[in-house]
Amino acid sequence: MRAARSRLTFSGRSSGADKLFEYGVLAIALSTLILVWGLVLKLAVDAQPSIDRFGPGFIIGMQWNPNTEMFGALPFIFGTLLTSGIAILIGVPLSIGIAVYLSELAPPWVREPLAFVVELLAAVPSVIYGLWAMYALRPFIAHSIEPFFMSFLGWTPLFQGNAVGLDKFTAGVILAIMIIPTVASVSKETMRAVPDSQREAALSLGATRYETTRIAVLSYARSGIFGACILGLGRALGETMAVTMTIGNANRISWSLLDPGQTMSSLIANNWGEAQGIQLSALIEIGLVLFIVALIVNLFARLMVGRIMKAVPTTGGGL
Amino acid sequence: MSEQKANIGKATEEKVAMPHKGGNSMIMVVGAMIVVVVVIAAIFATGLLNGGTKESVTLTGAGATFPMPLILKWADEYYNSTSHKVKINYGGGGSGAGITQIKDKHVDFAGSDAPLSATDSSTYGLLHIPETLGPIVVAYNEPSVVNLKLDGPTLAKIFMKNITVWNDAAISALNPGVTLPTDQITVVVRSDSSGTTFAFSGYLAVVSTEFQTLYGQGKSVSWKEAIGASGNPGVAQTVLTTPHSIGYIELSYAKKNNIQFALLKNQDGNFVTASSETAAAAAGSASLPAGNGDWSHVSILDAPGADSYPIATFTYILVYKELYNDQSKMNKTAAKALVDFVWWAVHDNGQSFSSGLYYAPLPASVVSLNEATLNSITYNGVALR
């Protein structure tokens, strides 16, 4: 006790020191807000020439032609949403499966190392994923996966053309692989946080392992899992290097997953070095559009989380 | 109970006492680190790590990937021939990026296969110095077909997606006796702003009025249904790993990666293969403007001559006529080093490496032209040579 108290120096008058601390921390918190606002403002200012020239038609413009100086964002918004959609479609079920296994079913000697490995995958740099996708994933997809889908889905507009492997499908798959560590880890943590009383209650009613997981754990952890998916979606929307190495860099809209495409972030990565004048301005406007798309997705997600939160049973209610 | 309290008190006291002992060694560690930092700073300050000479110069260039293998070879050789005094860094990135960077004065020189517009070269005061020339080949990945023969109009149709399969009638007509596969052709193009695209699209525009109308010549072209890759190396890699694909790259990339390329029919009607010699033949009749003139119409595409390769292009080093400006960090030593390097490169010392890397040595007339251009470069108004 004596030793602990000796470390309290009581420097400064109590109220003054506390106020200083409060304002200091407030300043730091505000600085992040200022950073974000500064970013958006700078984007908006630099995109002004392009906004003036193309107006709202930029969002639905289909061309990206530096020669005629006609620029439009639609092919890239399409590419971003499509590849992120594929990533979510493939990645989320796998992630939830991994999370359920790690949280509910794995024996402790499996859980620790496996969880560690899953979290490790989140630390792999995106360009490494891109390199691996180019040399290992792409041939596998082009030779095995795509022909498989083409054999029974080849009549749909989604699987038209050649299985070359540099297309939206491969980009979607690598994005799925990249978001799995994040979504799985956060979902697992959410599920671990579900109180055992919930599981015990379900089991005491005679539920099977699967029913317990579904009723007691998943529905309780719904909002957390949804939050994890939004995190994953956020990463997928902005991912650049891995996408630009696998998507085929074609600035046009095509419904076939086997056709090359382009996303907003990949377009910027490809063109920023040489863009000048109105093209640079249009590129910055693309950045602004990407920011707004991410914002809308996040707001929508929060709305959904709000709805889900209302349905979540609170602990001790009724029992 | 009090015994336990005493014990706990002792334990906390001991635990609290530790940091003081640790504090001594902490101070020693921090002190050692400071000494190390000071020593390293002193070493850098005296330039011991730089080989001790204050005259060493580093020049930075960026741009076209077309001549990159040759420029990197020059950088290597020049570093040795100047006894490690002049280091050249060349970053690639494509002609478009090179032009942007030299305009912004972020590099000392730029490489570009596409010449500047007349307005740009006069507004910015940039000189064109053709440092080499070479062929752009039509590389393809179709192992069953050797020595594919194509002509201009057919090539244009392939890249416009009017011809979509390998065994199209037009291709068969040019390759009698060859069994062509039925596979679809995958077209590979440049995704970045490229001088190679400029030359290639220029050729297609010359041989096909439809291409000229629908697409036109440019560093970027809105190709229909093609896969885009970044830089010459990117296109080479993509063609290499994509069966049934076709793309346009500089000859040395095709040779380095062992990719097959087509024979093209030239203006005289002969099917020629791309080589240092056939590219030199195409440059034979070129008439070039002065270094500070308008180079926007310079073209050796579809050149006349029995041995001329139809898709050959000069590639240019872009450099400021006046090397002093308050924005760049270029001092007089660096400026002189730059002029000396380019002089070395366009004469035999540099040109001797061309054929080995599948570029063509510059014709004597072009070397004389470059000499005049280099002699005109000034630093603060005073000529450097």
# chains A, B, ... in the order shown; residues from 1 in each chain; ligands from 1
$ residues_around --residues "Gln351 of chain B" --least-positions-apart "6" --cutoff "8 Å" --atoms "only C-alpha atoms" --output "ChimeraX atom specification"
/B:132,345,361-362
$ residues_around --residues "segment 155-172 of chain A" --least-positions-apart "3" --cutoff "7 Å" --atoms "only C-alpha atoms" --output "VMD selection string"
(chain A and resid 83 to 84 86 to 87 138 to 139 141 to 142 146 to 147 150 175 to 176 243 246 to 248 255 to 261) or (chain B and resid 242)
$ write_last_selection --atoms "C-alpha atoms" --output "PDB file, in the first residue's frame"
ATOM      1  CA  THR A  83     -16.642  -8.409 -56.897  1.00  0.00           C
ATOM      2  CA  SER A  84     -17.510  -7.407 -53.332  1.00  0.00           C
ATOM      3  CA  ILE A  86     -19.089 -12.398 -54.818  1.00  0.00           C
ATOM      4  CA  ALA A  87     -16.664 -12.019 -51.927  1.00  0.00           C
ATOM      5  CA  ARG A 138      -5.788 -18.237 -61.381  1.00  0.00           C
ATOM      6  CA  PRO A 139      -4.631 -21.387 -63.230  1.00  0.00           C
ATOM      7  CA  ILE A 141      -9.759 -21.431 -61.403  1.00  0.00           C
ATOM      8  CA  ALA A 142      -9.253 -21.271 -65.158  1.00  0.00           C
ATOM      9  CA  GLU A 146     -14.693 -22.118 -64.181  1.00  0.00           C
ATOM     10  CA  PRO A 147     -15.172 -25.038 -66.590  1.00  0.00           C
ATOM     11  CA  MET A 150     -19.681 -23.476 -67.235  1.00  0.00           C
ATOM     12  CA  LEU A 175     -11.468 -11.077 -52.097  1.00  0.00           C
ATOM     13  CA  ALA A 176     -13.488 -13.798 -50.366  1.00  0.00           C
ATOM     14  CA  VAL A 243      -7.931  -7.078 -57.402  1.00  0.00           C
ATOM     15  CA  THR A 246      -6.597 -10.649 -61.114  1.00  0.00           C
ATOM     16  CA  ILE A 247      -9.453  -8.714 -62.627  1.00  0.00           C
ATOM     17  CA  GLY A 248      -8.123  -8.184 -66.159  1.00  0.00           C
ATOM     18  CA  TRP A 255     -22.466  -9.500 -67.017  1.00  0.00           C
ATOM     19  CA  SER A 256     -20.346 -12.582 -67.546  1.00  0.00           C
ATOM     20  CA  LEU A 257     -18.209 -13.401 -64.530  1.00  0.00           C
ATOM     21  CA  LEU A 258     -15.672 -14.842 -66.966  1.00  0.00           C
ATOM     22  CA  ASP A 259     -15.083 -11.463 -68.586  1.00  0.00           C
ATOM     23  CA  PRO A 260     -12.428  -9.060 -67.306  1.00  0.00           C
ATOM     24  CA  GLY A 261     -13.706  -5.979 -65.491  1.00  0.00           C
TER      25      GLY A 261
ATOM     26  CA  THR B 242      -3.111 -17.375 -71.160  1.00  0.00           C
TER      27      THR B 242
END
$ interface_residues --of "chain A" --to "chain B" --cutoff "6 Å" --atoms "only C-alpha atoms" --output "short mmCIF file (atom, residue, chain, number, x, y, z; two decimals) with all heavy atoms, in the first residue's frame"
data_model
loop_
_atom_site.label_atom_id
_atom_site.label_comp_id
_atom_site.auth_asym_id
_atom_site.auth_seq_id
_atom_site.Cartn_x
_atom_site.Cartn_y
_atom_site.Cartn_z
N ALA A 3 3.89 1.41 -0.97
CA ALA A 3 4.62 1.48 -2.23
C ALA A 3 3.73 2.05 -3.35
O ALA A 3 4.15 2.91 -4.12
CB ALA A 3 5.10 0.09 -2.61
N GLY A 248 -8.20 -8.31 -64.71
CA GLY A 248 -8.12 -8.18 -66.16
C GLY A 248 -8.23 -6.78 -66.68
O GLY A 248 -8.08 -6.54 -67.88
N ASN A 249 -8.49 -5.80 -65.82
CA ASN A 249 -8.39 -4.39 -66.21
C ASN A 249 -9.09 -4.02 -67.51
O ASN A 249 -8.47 -3.52 -68.44
CB ASN A 249 -6.92 -3.99 -66.33
CG ASN A 249 -6.19 -4.20 -65.02
OD1 ASN A 249 -6.68 -3.84 -63.96
ND2 ASN A 249 -5.04 -4.83 -65.10
N ALA A 250 -10.37 -4.31 -67.60
CA ALA A 250 -11.13 -3.91 -68.79
C ALA A 250 -12.18 -2.91 -68.36
O ALA A 250 -13.04 -3.21 -67.54
CB ALA A 250 -11.78 -5.12 -69.43
N GLY A 273 -0.58 7.33 -62.02
CA GLY A 273 0.76 7.78 -62.37
C GLY A 273 0.81 8.66 -63.59
O GLY A 273 1.68 9.51 -63.72
N GLU A 274 -0.11 8.42 -64.52
CA GLU A 274 -0.01 9.16 -65.77
C GLU A 274 -1.14 10.16 -65.96
O GLU A 274 -1.20 10.84 -66.95
CB GLU A 274 -0.05 8.18 -66.94
CG GLU A 274 -1.37 7.48 -67.05
CD GLU A 274 -1.25 5.98 -67.11
OE1 GLU A 274 -0.16 5.46 -66.94
OE2 GLU A 274 -2.29 5.36 -67.34
#
$ select_by_dssp --residues "segment 143-282 of chain A" --states "helix (DSSP H, G or I)" --output "number ranges by chain"
A: 143-153, 157-159, 168-192, 196-204, 209-218, 222-238, 241-246, 264-271, 277-282
$ residues_around --residues "segment 106-112 of chain B" --least-positions-apart "3" --cutoff "6 Å" --atoms "only C-alpha atoms" --output "PyMOL selection string"
chain B and resi 60-64+95+98+101-102+195+315-319
$ residues_around --residues "Leu280 of chain A" --least-positions-apart "5" --cutoff "12 Å" --atoms "only C-alpha atoms" --output "ChimeraX atom specification"
/A:43,46-51,66,69,71,267-275,285-287 /B:100
$ residues_around --residues "segment 194-196 of chain A" --least-positions-apart "3" --cutoff "10 Å" --atoms "only C-alpha atoms" --output "tab-separated table (two decimals) with N, CA and C atoms, in the first residue's frame"
chain	number	residue	atom	x	y	z
A	189	GLU	N	-15.29	-14.26	-31.90
A	189	GLU	CA	-15.27	-13.52	-30.63
A	189	GLU	C	-16.67	-13.21	-30.15
A	190	THR	N	-17.53	-12.83	-31.11
A	190	THR	CA	-18.92	-12.52	-30.74
A	190	THR	C	-19.61	-13.75	-30.18
A	191	MET	N	-19.37	-14.88	-30.83
A	191	MET	CA	-20.02	-16.11	-30.36
A	191	MET	C	-19.48	-16.55	-29.00
A	199	ARG	N	-26.72	-21.28	-23.84
A	199	ARG	CA	-26.52	-22.63	-24.37
A	199	ARG	C	-27.15	-23.65	-23.45
A	200	GLU	N	-26.94	-23.44	-22.14
A	200	GLU	CA	-27.49	-24.40	-21.17
A	200	GLU	C	-29.00	-24.43	-21.25
A	201	ALA	N	-29.59	-23.25	-21.46
A	201	ALA	CA	-31.06	-23.19	-21.54
A	201	ALA	C	-31.56	-24.00	-22.72
A	202	ALA	N	-30.88	-23.84	-23.87
A	202	ALA	CA	-31.32	-24.59	-25.06
A	202	ALA	C	-31.14	-26.08	-24.85
A	216	ALA	N	-29.43	-20.65	-29.69
A	216	ALA	CA	-28.87	-19.93	-28.56
A	216	ALA	C	-27.73	-19.00	-28.96
A	217	VAL	N	-26.85	-19.51	-29.84
A	217	VAL	CA	-25.65	-18.74	-30.10
A	217	VAL	C	-25.82	-17.77	-31.27
A	218	LEU	N	-26.23	-18.32	-32.41
A	218	LEU	CA	-26.24	-17.48	-33.61
A	218	LEU	C	-27.24	-16.34	-33.51
A	219	SER	N	-28.42	-16.62	-32.98
A	219	SER	CA	-29.38	-15.53	-32.94
A	219	SER	C	-28.96	-14.48	-31.92
A	220	TYR	N	-28.31	-14.90	-30.83
A	220	TYR	CA	-27.84	-13.93	-29.84
A	220	TYR	C	-26.71	-13.08	-30.44
A	221	ALA	N	-25.85	-13.74	-31.21
A	221	ALA	CA	-24.67	-13.05	-31.74
A	221	ALA	C	-24.93	-12.39	-33.08
A	315	THR	N	-30.06	-10.66	-21.63
A	315	THR	CA	-29.79	-11.69	-20.62
A	315	THR	C	-30.75	-11.55	-19.45
$ residues_around --residues "segment 254-262 of chain B" --least-positions-apart "5" --cutoff "10 Å" --atoms "only C-alpha atoms" --output "number ranges by chain"
B: 136-143, 145-151, 232-233, 236-237, 239-240, 246-249, 271-274, 357-358
